[in-house]
Amino acid sequence: EVRLVESGGGSVQAGGSLRLACATSVLTNSGYSMGWFRQGPGLEREGVAVIDFAGITNYSDPVKGRFTISKDNSKNTLYLQMNSLKPEDTAMYYCAATPYVAATFLLKDSRRVRFWGQGTQVTVSS
């Protein structure tokens with residue numbers, strides 16, 4: 001059983017920063033691709049940033065240049081550094097893991113995700 005536990009969400013004003021963390025029971029340097037997805041009110045879940053089993057990263061257009069995904073293999077933890085936050089970034093953010101899916105495909109299709117965390121809420125006020 002793969003466990004993913006997110007932390008670091010909260011409320012922040014526009015222009016602020018947050019760093020999300022996902023503690024995982026899988027080895028982050030194993031064959032798992034991992035990423036962050038989000039779901040805003042009334043919206044479908046969408047990919048935000050992923051890092052695949054080969055270390056390749058991919059970002060959705062709305063967050064490029066503002067968000068950075070990274071992982072600490074010594075801690076088996078995935079991170080999402082979010083800068084220059086906007087009100088439209090408000091959503092529940094989910095950590096995701098799945099074996100051997102390339103970053104390009106994983107970002108665009110949440111159905112490829114095998115394991116999900118419980119989510120952490122990010123609220124950005126204007």
# chains A, B, ... in the order shown; residues from 1 in each chain; ligands from 1

call {"tool": "residues_around", "arguments": {"residues": "A:Lys71", "least_positions_apart": "2", "cutoff": "9 Å", "atoms": "only C-alpha atoms", "output": "mmCIF file with C-alpha atoms, in the first residue's frame"}}
result
data_model
loop_
_atom_site.group_PDB
_atom_site.id
_atom_site.type_symbol
_atom_site.label_atom_id
_atom_site.label_comp_id
_atom_site.auth_asym_id
_atom_site.auth_seq_id
_atom_site.Cartn_x
_atom_site.Cartn_y
_atom_site.Cartn_z
ATOM 1 C CA THR A 28 11.207 8.659 -4.727
ATOM 2 C CA ASN A 29 14.211 7.389 -6.677
ATOM 3 C CA ILE A 51 8.411 14.574 -12.199
ATOM 4 C CA ILE A 69 8.517 20.591 -8.350
ATOM 5 C CA ASN A 73 15.231 11.101 -2.210
ATOM 6 C CA SER A 74 16.865 10.899 1.224
ATOM 7 C CA LYS A 75 13.537 11.833 2.817
ATOM 8 C CA ASN A 76 11.202 10.228 0.267
ATOM 9 C CA THR A 77 9.443 13.552 0.011
ATOM 10 C CA LEU A 78 8.034 15.442 -2.945
ATOM 11 C CA TYR A 79 7.765 19.233 -2.890
ATOM 12 C CA LEU A 80 5.960 21.956 -4.755
#

call {"tool": "closest_residue", "arguments": {"among": "A:Phe67, A:Tyr59, A:Trp116, A:Trp36", "to": "A:Thr104", "atoms": "only C-alpha atoms"}}
result
A:Tyr59

call {"tool": "closest_atom_pairs", "arguments": {"of": "stretch 4-58 of chain A", "to": "stretch 107-114 of chain A", "cutoff": "7 Å", "atoms": "only C-alpha atoms", "output": "JSON lines"}}
result
{"residue": "A:Glu46", "atom": "CA", "partner": "A:Ser110", "partner_atom": "CA", "distance": 6.9}
{"residue": "A:Gly47", "atom": "CA", "partner": "A:Leu107", "partner_atom": "CA", "distance": 4.7}
{"residue": "A:Val48", "atom": "CA", "partner": "A:Leu107", "partner_atom": "CA", "distance": 6.9}
{"residue": "A:Ala49", "atom": "CA", "partner": "A:Leu107", "partner_atom": "CA", "distance": 6.7}
{"residue": "A:Val50", "atom": "CA", "partner": "A:Leu107", "partner_atom": "CA", "distance": 6.2}
{"residue": "A:Asn58", "atom": "CA", "partner": "A:Leu107", "partner_atom": "CA", "distance": 7.0}

call {"tool": "residues_around", "arguments": {"residues": "A:Ala97", "least_positions_apart": "5", "cutoff": "6 Å", "atoms": "only C-alpha atoms", "output": "ChimeraX atom specification"}}
result
/A:33-34,115

call {"tool": "write_last_selection", "arguments": {"atoms": "N, CA, C and O atoms", "output": "PDB file, in the first residue's frame"}}
result
ATOM      1  N   SER A  33       6.614   7.665 -10.981  1.00  0.00           N
ATOM      2  CA  SER A  33       6.433   9.052 -11.396  1.00  0.00           C
ATOM      3  C   SER A  33       5.517   9.708 -10.380  1.00  0.00           C
ATOM      4  O   SER A  33       4.563   9.085  -9.897  1.00  0.00           O
ATOM      5  N   MET A  34       5.816  10.956 -10.049  1.00  0.00           N
ATOM      6  CA  MET A  34       5.046  11.622  -9.009  1.00  0.00           C
ATOM      7  C   MET A  34       4.678  13.027  -9.452  1.00  0.00           C
ATOM      8  O   MET A  34       5.324  13.600 -10.326  1.00  0.00           O
ATOM      9  N   PHE A 115      -2.127   6.187  -7.248  1.00  0.00           N
ATOM     10  CA  PHE A 115      -2.235   6.490  -5.822  1.00  0.00           C
ATOM     11  C   PHE A 115      -2.388   7.990  -5.611  1.00  0.00           C
ATOM     12  O   PHE A 115      -1.664   8.775  -6.222  1.00  0.00           O
TER      13      PHE A 115
END
